[in-house]
file coords-v1.pdb (PDB, C-alpha atoms)
ATOM      1  CA  ALA Y   7      -3.409 -11.344  14.803
ATOM      2  CA  GLY Y   8      -2.947  -7.676  15.594
ATOM      3  CA  VAL Y   9      -5.108  -4.577  15.767
ATOM      4  CA  SER Y  10      -3.334  -1.304  15.076
ATOM      5  CA  THR Y  11      -4.785   2.150  15.613
ATOM      6  CA  GLN Y  12      -1.785   3.777  13.998
ATOM      7  CA  SER Y  13      -3.227   7.268  13.729
ATOM      8  CA  THR Y  14      -6.430   9.209  14.241
ATOM      9  CA  GLY Y  15      -7.234   8.459  10.592
ATOM     10  CA  GLN Y  16      -7.539   4.664  10.495
ATOM     11  CA  ILE Y  17      -7.920   1.256  12.157
ATOM     12  CA  VAL Y  18      -5.951  -1.690  10.744
ATOM     13  CA  LEU Y  19      -6.214  -5.457  11.409
ATOM     14  CA  LYS Y  20      -3.069  -7.493  10.660
ATOM     15  CA  ASN Y  21      -1.804 -11.067  10.781
ATOM     16  CA  GLY Y  22       1.738 -12.197  10.008
ATOM     17  CA  GLY Y  23       2.552  -8.843   8.462
ATOM     18  CA  ASN Y  24      -0.453  -9.009   6.116
ATOM     19  CA  ILE Y  25      -3.277  -6.494   6.346
ATOM     20  CA  LEU Y  26      -6.547  -8.379   6.911
ATOM     21  CA  TYR Y  27      -8.683  -5.239   6.824
ATOM     22  CA  SER Y  28      -8.170  -1.486   7.045
ATOM     23  CA  LYS Y  29     -10.734   1.236   7.693
ATOM     24  CA  GLN Y  30     -10.179   4.906   6.959
ATOM     25  CA  LEU Y  31     -12.016   7.006   9.548
ATOM     26  CA  GLY Y  32     -14.362   9.715   8.319
ATOM     27  CA  THR Y  33     -16.715  12.291   9.729
ATOM     28  CA  ARG Y  34     -19.445   9.685  10.268
ATOM     29  CA  ASP Y  35     -17.268   7.429  12.428
ATOM     30  CA  GLY Y  36     -18.032   9.005  15.798
ATOM     31  CA  ASN Y  37     -15.433   8.648  18.550
ATOM     32  CA  CYS Y  38     -13.197   6.105  16.806
ATOM     33  CA  TYR Y  39     -10.529   8.762  16.324
ATOM     34  CA  LYS Y  40     -10.198   9.532  20.050
ATOM     35  CA  LYS Y  41      -7.291   8.412  22.235
ATOM     36  CA  THR Y  42      -7.781   5.138  24.125
ATOM     37  CA  ASP Y  43      -7.192   5.183  27.899
ATOM     38  CA  GLU Y  44      -8.352   1.652  28.675
ATOM     39  CA  VAL Y  45      -8.946  -1.543  26.696
ATOM     40  CA  ARG Y  46     -11.425  -4.257  27.828
ATOM     41  CA  THR Y  47     -12.156  -7.715  26.443
ATOM     42  CA  GLN Y  48     -15.266  -9.811  25.876
ATOM     43  CA  VAL Y  49     -15.566 -13.356  24.455
ATOM     44  CA  TRP Y  50     -18.506 -15.308  23.005
ATOM     45  CA  ASP Y  51     -18.960 -19.025  22.301
ATOM     46  CA  TYR Y  52     -15.366 -19.983  23.063
ATOM     47  CA  ASP Y  53     -14.215 -22.005  26.096
ATOM     48  CA  GLY Y  54     -10.480 -21.672  25.512
ATOM     49  CA  GLU Y  55      -8.036 -19.042  26.674
ATOM     50  CA  LEU Y  56      -6.923 -16.024  24.663
ATOM     51  CA  SER Y  57      -4.113 -13.556  25.301
ATOM     52  CA  LEU Y  58      -3.849  -9.797  24.864
ATOM     53  CA  ALA Y  59      -0.721  -7.674  24.634
ATOM     54  CA  LEU Y  60      -0.178  -3.975  24.007
ATOM     55  CA  GLY Y  61       2.348  -3.027  21.352
ATOM     56  CA  SER Y  62       4.713  -0.094  21.379
ATOM     57  CA  SER Y  63       4.068   2.727  18.944
ATOM     58  CA  ASP Y  64       7.799   3.111  18.388
ATOM     59  CA  ASN Y  65       8.995   2.074  14.928
ATOM     60  CA  ASP Y  66      11.901  -0.352  15.152
ATOM     61  CA  ASP Y  67      12.984   0.349  11.563
ATOM     62  CA  SER Y  68      15.451   3.238  11.451
ATOM     63  CA  GLU Y  69      16.220   5.082   8.234
ATOM     64  CA  ASP Y  70      19.784   5.420   9.528
ATOM     65  CA  ASP Y  71      20.257   1.680   8.982
ATOM     66  CA  LEU Y  72      19.135   1.833   5.348
ATOM     67  CA  GLU Y  73      21.470   2.122   2.380
ATOM     68  CA  TRP Y  74      20.128   5.171   0.557
ATOM     69  CA  LYS Y  75      20.741   5.709  -3.181
ATOM     70  CA  SER Y  76      20.050   9.119  -4.762
ATOM     71  CA  PHE Y  77      17.959   9.695  -7.895
ATOM     72  CA  SER Y  78      16.536  12.745  -9.635
ATOM     73  CA  LEU Y  79      14.926  14.075 -12.806
ATOM     74  CA  SER Y  80      18.172  13.725 -14.734
ATOM     75  CA  ASP Y  81      19.656  10.716 -12.916
ATOM     76  CA  GLN Y  82      17.432   7.668 -12.895
ATOM     77  CA  LEU Y  83      18.237   4.787 -10.578
ATOM     78  CA  THR Y  84      18.032   1.024 -11.102
ATOM     79  CA  MET Y  85      18.489  -1.434  -8.223
ATOM     80  CA  THR Y  86      18.415  -5.234  -8.096
ATOM     81  CA  VAL Y  87      15.787  -6.621  -5.708
ATOM     82  CA  ASN Y  88      16.611  -9.806  -3.798
ATOM     83  CA  SER Y  89      13.973 -10.139  -1.099
ATOM     84  CA  GLY Y  90      11.676 -12.734   0.353
ATOM     85  CA  PRO Y  91       7.884 -12.862   0.006
ATOM     86  CA  GLU Y  92       7.531  -9.302   1.358
ATOM     87  CA  GLU Y  93       9.196  -6.516  -0.640
ATOM     88  CA  THR Y  94       9.819  -3.142   1.026
ATOM     89  CA  TYR Y  95      10.932   0.086  -0.637
ATOM     90  CA  PHE Y  96      11.653   3.444   1.017
ATOM     91  CA  VAL Y  97      11.611   6.793  -0.797
ATOM     92  CA  ARG Y  98      12.940   9.875   0.993
ATOM     93  CA  PHE Y  99      12.420  13.517  -0.035
ATOM     94  CA  PRO Y 100      12.551  16.968   1.664
ATOM     95  CA  CYS Y 101       9.523  17.820   3.825
ATOM     96  CA  SER Y 102       9.018  21.199   2.157
ATOM     97  CA  ASP Y 103       8.937  19.910  -1.430
ATOM     98  CA  SER Y 104       6.116  18.699  -3.653
ATOM     99  CA  ILE Y 105       7.149  15.552  -5.491
ATOM    100  CA  TRP Y 106       6.080  13.562  -8.555
ATOM    101  CA  PHE Y 107       7.831  10.248  -9.110
ATOM    102  CA  LYS Y 108       7.283   6.672 -10.186
ATOM    103  CA  LEU Y 109       8.723   3.309  -9.104
ATOM    104  CA  PHE Y 110       8.783   0.600 -11.796
ATOM    105  CA  LEU Y 111       8.741  -2.909 -10.295
ATOM    106  CA  ASP Y 112      10.117  -5.199 -13.007
ATOM    107  CA  GLY Y 113      10.216  -8.954 -13.280
ATOM    108  CA  GLU Y 114      12.900 -11.009 -14.958
ATOM    109  CA  THR Y 115      11.397 -10.611 -18.437
ATOM    110  CA  GLU Y 116       8.738  -7.889 -18.189
ATOM    111  CA  GLN Y 117       7.481  -4.890 -16.256
ATOM    112  CA  ASN Y 118       5.130  -6.140 -13.566
ATOM    113  CA  SER Y 119       3.762  -2.901 -12.160
ATOM    114  CA  HIS Y 120       4.465   0.682 -11.246
ATOM    115  CA  ILE Y 121       3.580   2.882  -8.293
ATOM    116  CA  GLU Y 122       3.231   6.603  -8.984
ATOM    117  CA  LEU Y 123       2.765   9.593  -6.693
ATOM    118  CA  PHE Y 124       1.609  12.823  -8.356
ATOM    119  CA  SER Y 125       1.710  14.652  -5.028
ATOM    120  CA  ARG Y 126       1.239  13.888  -1.335
ATOM    121  CA  THR Y 127      -2.490  13.473  -1.910
ATOM    122  CA  ARG Y 128      -2.832  11.625  -5.254
ATOM    123  CA  GLY Y 129      -1.312   8.663  -7.023
ATOM    124  CA  ASN Y 130      -1.936   5.426  -8.890
ATOM    125  CA  ILE Y 131      -0.902   1.780  -9.011
ATOM    126  CA  TYR Y 132      -0.672   0.156 -12.438
ATOM    127  CA  CYS Y 133      -0.656  -3.619 -12.950
ATOM    128  CA  ASN Y 134       0.735  -4.673 -16.316
ATOM    129  CA  LYS Y 135      -0.903  -7.344 -18.479
ATOM    130  CA  GLY Y 136       0.611  -6.596 -21.873
ATOM    131  CA  GLY Y 137       4.156  -7.981 -21.674
ATOM    132  CA  TYR Y 138       7.532  -6.289 -21.548
ATOM    133  CA  ARG Y 139       7.388  -2.484 -21.948
ATOM    134  CA  ASN Y 140       3.770  -2.656 -23.035
ATOM    135  CA  TRP Y 141       1.303  -0.953 -20.690
ATOM    136  CA  TYR Y 142      -1.842  -1.380 -22.778
ATOM    137  CA  GLY Y 143      -4.587  -3.556 -21.336
ATOM    138  CA  GLY Y 144      -3.377  -3.332 -17.744
ATOM    139  CA  GLN Y 145      -5.323  -2.375 -14.623
ATOM    140  CA  ARG Y 146      -4.849   1.141 -13.222
ATOM    141  CA  THR Y 147      -6.076   2.089  -9.749
ATOM    142  CA  ASP Y 148      -6.139   5.793  -8.944
ATOM    143  CA  PHE Y 149      -6.197   6.722  -5.271
ATOM    144  CA  ASN Y 150      -6.332   9.714  -2.948
ATOM    145  CA  ILE Y 151      -4.337  10.082   0.276
ATOM    146  CA  TYR Y 152      -6.333  11.632   3.106
ATOM    147  CA  SER Y 153      -3.864  11.047   5.957
ATOM    148  CA  SER Y 154      -1.386  13.728   6.984
ATOM    149  CA  TRP Y 155       2.283  13.023   6.288
ATOM    150  CA  GLN Y 156       4.787  13.049   9.139
ATOM    151  CA  CYS Y 157       8.055  14.922   8.729
ATOM    152  CA  ASP Y 158      11.073  13.229  10.316
ATOM    153  CA  GLY Y 159      13.495  16.104  10.741
ATOM    154  CA  GLN Y 160      14.107  17.441   7.237
ATOM    155  CA  PHE Y 161      12.630  14.531   5.308
ATOM    156  CA  MET Y 162       9.397  12.719   4.494
ATOM    157  CA  ILE Y 163       9.752   8.956   4.028
ATOM    158  CA  LEU Y 164       7.351   6.859   1.947
ATOM    159  CA  GLU Y 165       7.396   3.123   2.697
ATOM    160  CA  VAL Y 166       6.020   0.783   0.014
ATOM    161  CA  VAL Y 167       5.293  -2.811   1.076
ATOM    162  CA  LYS Y 168       4.322  -5.352  -1.606
ATOM    163  CA  THR Y 169       3.323  -9.003  -1.258
ATOM    164  CA  THR Y 170       1.496 -11.394  -3.577
ATOM    165  CA  GLU Y 171      -1.790 -10.200  -2.044
ATOM    166  CA  GLN Y 172      -1.465  -6.455  -1.452
ATOM    167  CA  ILE Y 173       0.428  -3.204  -1.909
ATOM    168  CA  VAL Y 174       0.561  -0.833   1.066
ATOM    169  CA  LEU Y 175       1.872   2.739   1.194
ATOM    170  CA  LYS Y 176       2.979   4.005   4.614
ATOM    171  CA  ASN Y 177       4.495   7.080   6.220
ATOM    172  CA  GLY Y 178       5.689   7.276   9.815
ATOM    173  CA  GLY Y 179       3.884   4.023  10.652
ATOM    174  CA  ASN Y 180       0.572   5.308   9.247
ATOM    175  CA  ILE Y 181      -1.071   3.618   6.271
ATOM    176  CA  LEU Y 182      -1.605   6.166   3.492
ATOM    177  CA  TYR Y 183      -3.265   3.709   1.100
ATOM    178  CA  SER Y 184      -3.657  -0.060   0.740
ATOM    179  CA  LYS Y 185      -4.720  -2.092  -2.290
ATOM    180  CA  GLN Y 186      -5.790  -5.731  -2.152
ATOM    181  CA  LEU Y 187      -4.717  -7.528  -5.340
ATOM    182  CA  GLY Y 188      -7.411  -9.425  -7.223
ATOM    183  CA  THR Y 189      -7.831 -11.398 -10.423
ATOM    184  CA  ARG Y 190      -7.957  -8.262 -12.602
ATOM    185  CA  ASP Y 191      -4.675  -6.867 -11.299
ATOM    186  CA  GLY Y 192      -2.376  -8.413 -13.892
ATOM    187  CA  ASN Y 193       1.233  -8.945 -12.872
ATOM    188  CA  CYS Y 194       1.194  -6.940  -9.642
ATOM    189  CA  TYR Y 195       1.392 -10.136  -7.594
ATOM    190  CA  LYS Y 196       4.623 -11.297  -9.254
ATOM    191  CA  LYS Y 197       8.061 -11.183  -7.655
ATOM    192  CA  THR Y 198      10.144  -8.067  -8.369
ATOM    193  CA  ASP Y 199      13.683  -8.571  -9.683
ATOM    194  CA  GLU Y 200      14.533  -4.936 -10.385
ATOM    195  CA  VAL Y 201      13.209  -1.536  -9.293
ATOM    196  CA  ARG Y 202      13.656   1.610 -11.432
ATOM    197  CA  THR Y 203      12.866   5.271 -10.766
ATOM    198  CA  GLN Y 204      11.402   8.081 -12.836
ATOM    199  CA  VAL Y 205      10.813  11.713 -11.808
ATOM    200  CA  TRP Y 206       8.684  14.506 -13.292
ATOM    201  CA  ASP Y 207       8.498  18.249 -12.579
ATOM    202  CA  TYR Y 208      10.834  18.099  -9.605
ATOM    203  CA  ASP Y 209      14.366  19.490  -9.634
ATOM    204  CA  GLY Y 210      15.397  18.247  -6.200
ATOM    205  CA  GLU Y 211      17.017  15.003  -5.160
ATOM    206  CA  LEU Y 212      15.209  11.932  -3.821
ATOM    207  CA  SER Y 213      16.637   8.785  -2.245
ATOM    208  CA  LEU Y 214      15.624   5.138  -2.534
ATOM    209  CA  ALA Y 215      16.432   2.270  -0.166
ATOM    210  CA  LEU Y 216      15.416  -1.383  -0.084
ATOM    211  CA  GLY Y 217      14.181  -2.890   3.172
ATOM    212  CA  ASP Y 218      15.368  -6.254   4.434
ATOM    213  CA  SER Y 219      12.847  -9.062   4.368
ATOM    214  CA  THR Y 220      11.834 -10.310   7.811
ATOM    215  CA  GLU Y 221      12.459 -13.829   6.534
ATOM    216  CA  GLU Y 222      15.641 -15.104   4.966
ATOM    217  CA  ALA Y 223      15.319 -15.557   1.236
ATOM    218  CA  THR Y 224      15.009 -19.281   0.667
ATOM    219  CA  GLU Y 225      15.102 -21.302  -2.512
ATOM    220  CA  GLU Y 226      11.324 -21.571  -2.327
ATOM    221  CA  ALA Y 227      10.940 -17.818  -1.842
ATOM    222  CA  THR Y 228      12.921 -17.031  -4.992
ATOM    223  CA  GLU Y 229      10.709 -19.217  -7.144
ATOM    224  CA  GLU Y 230       7.725 -17.725  -8.975
ATOM    225  CA  PHE Y 231       5.022 -16.903  -6.445
ATOM    226  CA  THR Y 232       1.811 -18.916  -6.636
ATOM    227  CA  ARG Y 233      -1.163 -16.631  -6.810
ATOM    228  CA  THR Y 234      -4.044 -17.254  -4.431
ATOM    229  CA  THR Y 235      -7.381 -15.606  -4.953
ATOM    230  CA  ASP Y 236     -10.116 -15.499  -2.321
ATOM    231  CA  PRO Y 237     -13.622 -16.471  -3.407
ATOM    232  CA  PRO Y 238     -15.836 -13.567  -4.512
ATOM    233  CA  THR Y 239     -17.520 -11.589  -1.756
ATOM    234  CA  VAL Y 240     -21.271 -12.300  -1.464
ATOM    235  CA  CYS Y 241     -23.269  -9.361  -0.120
ATOM    236  CA  SER Y 242     -26.917  -8.907   0.818
ATOM    237  CA  TRP Y 243     -29.478  -6.917  -1.201
ATOM    238  CA  ASP Y 244     -28.944  -3.748   0.860
ATOM    239  CA  GLU Y 245     -25.155  -3.784   0.540
ATOM    240  CA  PHE Y 246     -22.678  -2.806  -2.175
ATOM    241  CA  THR Y 247     -20.193  -5.508  -3.215
ATOM    242  CA  CYS Y 248     -16.527  -4.495  -3.050
ATOM    243  CA  VAL Y 249     -13.807  -6.849  -4.267
ATOM    244  CA  ASP Y 250     -13.006  -7.883  -0.696
ATOM    245  CA  ARG Y 251     -15.939  -6.824   1.508
ATOM    246  CA  CYS Y 252     -19.479  -5.460   1.746
ATOM    247  CA  ILE Y 253     -20.493  -1.880   2.533
ATOM    248  CA  PRO Y 254     -23.925  -0.230   3.026
ATOM    249  CA  ILE Y 255     -25.613   0.484  -0.312
ATOM    250  CA  GLY Y 256     -26.015   4.133   0.678
ATOM    251  CA  TRP Y 257     -22.238   4.560   0.578
ATOM    252  CA  GLU Y 258     -22.149   3.985  -3.193
ATOM    253  CA  CYS Y 259     -21.390   7.152  -5.195
ATOM    254  CA  ASP Y 260     -21.311   9.386  -2.111
ATOM    255  CA  GLY Y 261     -17.937  10.914  -2.979
ATOM    256  CA  ILE Y 262     -15.988   8.792  -0.452
ATOM    257  CA  LYS Y 263     -14.055   5.655  -1.490
ATOM    258  CA  ASP Y 264     -15.074   3.033   1.066
ATOM    259  CA  CYS Y 265     -13.934  -0.021  -0.961
ATOM    260  CA  ASN Y 266     -10.186  -0.583  -0.822
ATOM    261  CA  GLY Y 267     -10.084  -0.383  -4.624
ATOM    262  CA  GLY Y 268     -12.583   2.487  -4.835
ATOM    263  CA  GLU Y 269     -15.170   0.438  -6.762
ATOM    264  CA  ASP Y 270     -18.045   2.161  -4.936
ATOM    265  CA  GLU Y 271     -17.158   5.435  -6.687
ATOM    266  CA  PHE Y 272     -16.858   4.049 -10.226
ATOM    267  CA  ASP Y 273     -19.406   4.996 -12.931
ATOM    268  CA  CYS Y 274     -21.009   7.703 -10.800
ATOM    269  CA  TYR Y 275     -22.876  10.489 -12.574
TER     270      TYR Y 275
END
call {"tool": "encode", "arguments": {"input": "coords-v1.pdb", "output": "structure tokens"}}
result
Amino acid sequence: AGVSTQSTGQIVLKNGGNILYSKQLGTRDGNCYKKTDEVRTQVWDYDGELSLALGSSDNDDSEDDLEWKSFSLSDQLTMTVNSGPEETYFVRFPCSDSIWFKLFLDGETEQNSHIELFSRTRGNIYCNKGGYRNWYGGQRTDFNIYSSWQCDGQFMILEVVKTTEQIVLKNGGNILYSKQLGTRDGNCYKKTDEVRTQVWDYDGELSLALGDSTEEATEEATEEFTRTTDPPTVCSWDEFTCVDRCIPIGWECDGIKDCNGGEDEFDCY
């Protein structure tokens, strides 16, 4: 397991590359944003031995090693995806530009999902349920991005990581947004065979690259993924029930999305 404080805006718990839990830090979160000078441990009710290690903040993945393909408003791009259980996509665009684009993640016979960014602060993830080229009846999750983007020289780089359980958007090692996939999220969990691009209201050029899976693609990995769904979260009377966790009831409809899927801000008047 790993604990990552990747920026002043969040705390993330990981295991095996999967995000177990992520917390966006807000104004009510005290000193959590401050730099750590010393880490200490404490253990309860366990007689065994544990180990602690400090990770480097340096990102081992270099965009120089990626095979970038250009796309634009007039030139759409289609690429074959041949990855293992974890799919990774990189989108690169100039730091000074405002962008609006969409990535279609298609299966062998139908469109599984799409990921859309309207700007650096807003976007949505759509999970298809209606079959090939039919987007009616699917599940759309709108989201806001509160973290600041990092400019690497002349470019911003968006990293999209998708597994059968989650979709995570990153920039410069920071998590911009993460969505846990549940039973109502249609085909988002399915393996992607092809990725396509679409651009609106942007005359510049973007680039797309596919990341290598950390595991070699095996015969089992190329088969249809088996979906696993955690049992429903059970919360107490003074808590609000998110899809994957419980939050204080007072956080419902307070203008801040505390559930990963934003359920606490639905149907607010």
call {"tool": "atom_distance", "arguments": {"input": "coords-v1.pdb", "atom1": "atom CA of Ser154 of chain Y", "atom2": "atom CA of Lys168 of chain Y"}}
result
21.7 Å
call {"tool": "residues_around", "arguments": {"input": "coords-v1.pdb", "residues": "Gln145 of chain Y", "least_positions_apart": "4", "cutoff": "12 Å", "atoms": "only C-alpha atoms", "output": "count of residues only"}}
result
20
call {"tool": "residues_near_point", "arguments": {"input": "coords-v1.pdb", "point": "(-26.9, 0.3, 1.6)", "cutoff": "6 Å", "atoms": "all atoms listed in the file", "output": "short mmCIF file (atom, residue, chain, number, x, y, z; two decimals) with C-alpha atoms, keeping the file's coordinate frame"}}
result
data_model
loop_
_atom_site.label_atom_id
_atom_site.label_comp_id
_atom_site.auth_asym_id
_atom_site.auth_seq_id
_atom_site.Cartn_x
_atom_site.Cartn_y
_atom_site.Cartn_z
CA ASP Y 244 -28.94 -3.75 0.86
CA GLU Y 245 -25.16 -3.78 0.54
CA PRO Y 254 -23.92 -0.23 3.03
CA ILE Y 255 -25.61 0.48 -0.31
CA GLY Y 256 -26.02 4.13 0.68
#
call {"tool": "closest_residue", "arguments": {"input": "coords-v1.pdb", "among": "Y:Asp35, Y:Gly179, Y:Gln172, Y:Lys185", "to": "Asp148 of chain Y", "atoms": "all atoms listed in the file"}}
result
Y:Lys185
call {"tool": "resolve_selection", "arguments": {"input": "coords-v1.pdb", "expression": "the PyMOL selection byres ((chain Y and resi 184) around 8)", "output": "ChimeraX atom specification"}}
result
/Y:28,172-175,181-183,185-186,266
call {"tool": "resolve_selection", "arguments": {"input": "coords-v1.pdb", "expression": "the PyMOL selection byres ((chain Y and resi 101) around 9)", "output": "list in words"}}
result
Phe99, Pro100, Ser102, Asp103, Ser104, Gln156, Cys157, Asp158, Gly159, Gln160, Phe161, Met162 and Ile163 of chain Y
call {"tool": "residues_around", "arguments": {"input": "coords-v1.pdb", "residues": "Phe272 of chain Y", "least_positions_apart": "4", "cutoff": "9 Å", "atoms": "all atoms listed in the file", "output": "ChimeraX atom specification"}}
result
/Y:258-259,268
call {"tool": "resolve_selection", "arguments": {"input": "coords-v1.pdb", "expression": "the PyMOL selection byres ((chain Y and resi 261) around 12)", "output": "VMD selection string"}}
result
chain Y and resid 32 150 256 to 260 262 to 265 268 to 275
call {"tool": "closest_residue", "arguments": {"input": "coords-v1.pdb", "among": "Y:Ile105, Y:Val97, Y:Ala59, Y:Ile17", "to": "Asp209 of chain Y", "atoms": "all atoms listed in the file"}}
result
Y:Ile105
call {"tool": "atom_distance", "arguments": {"input": "coords-v1.pdb", "atom1": "atom CA of Ser76 of chain Y", "atom2": "atom CA of Ile151 of chain Y"}}
result
24.9 Å
call {"tool": "axis_aligned_box", "arguments": {"input": "coords-v1.pdb", "around": "segment 150-156 of chain Y", "padding_each_side": "4 Å", "output": "AutoDock Vina command-line options"}}
result
--center_x -0.8 --center_y 11.7 --center_z 3.1 --size_x 19.1 --size_y 12.0 --size_z 20.1
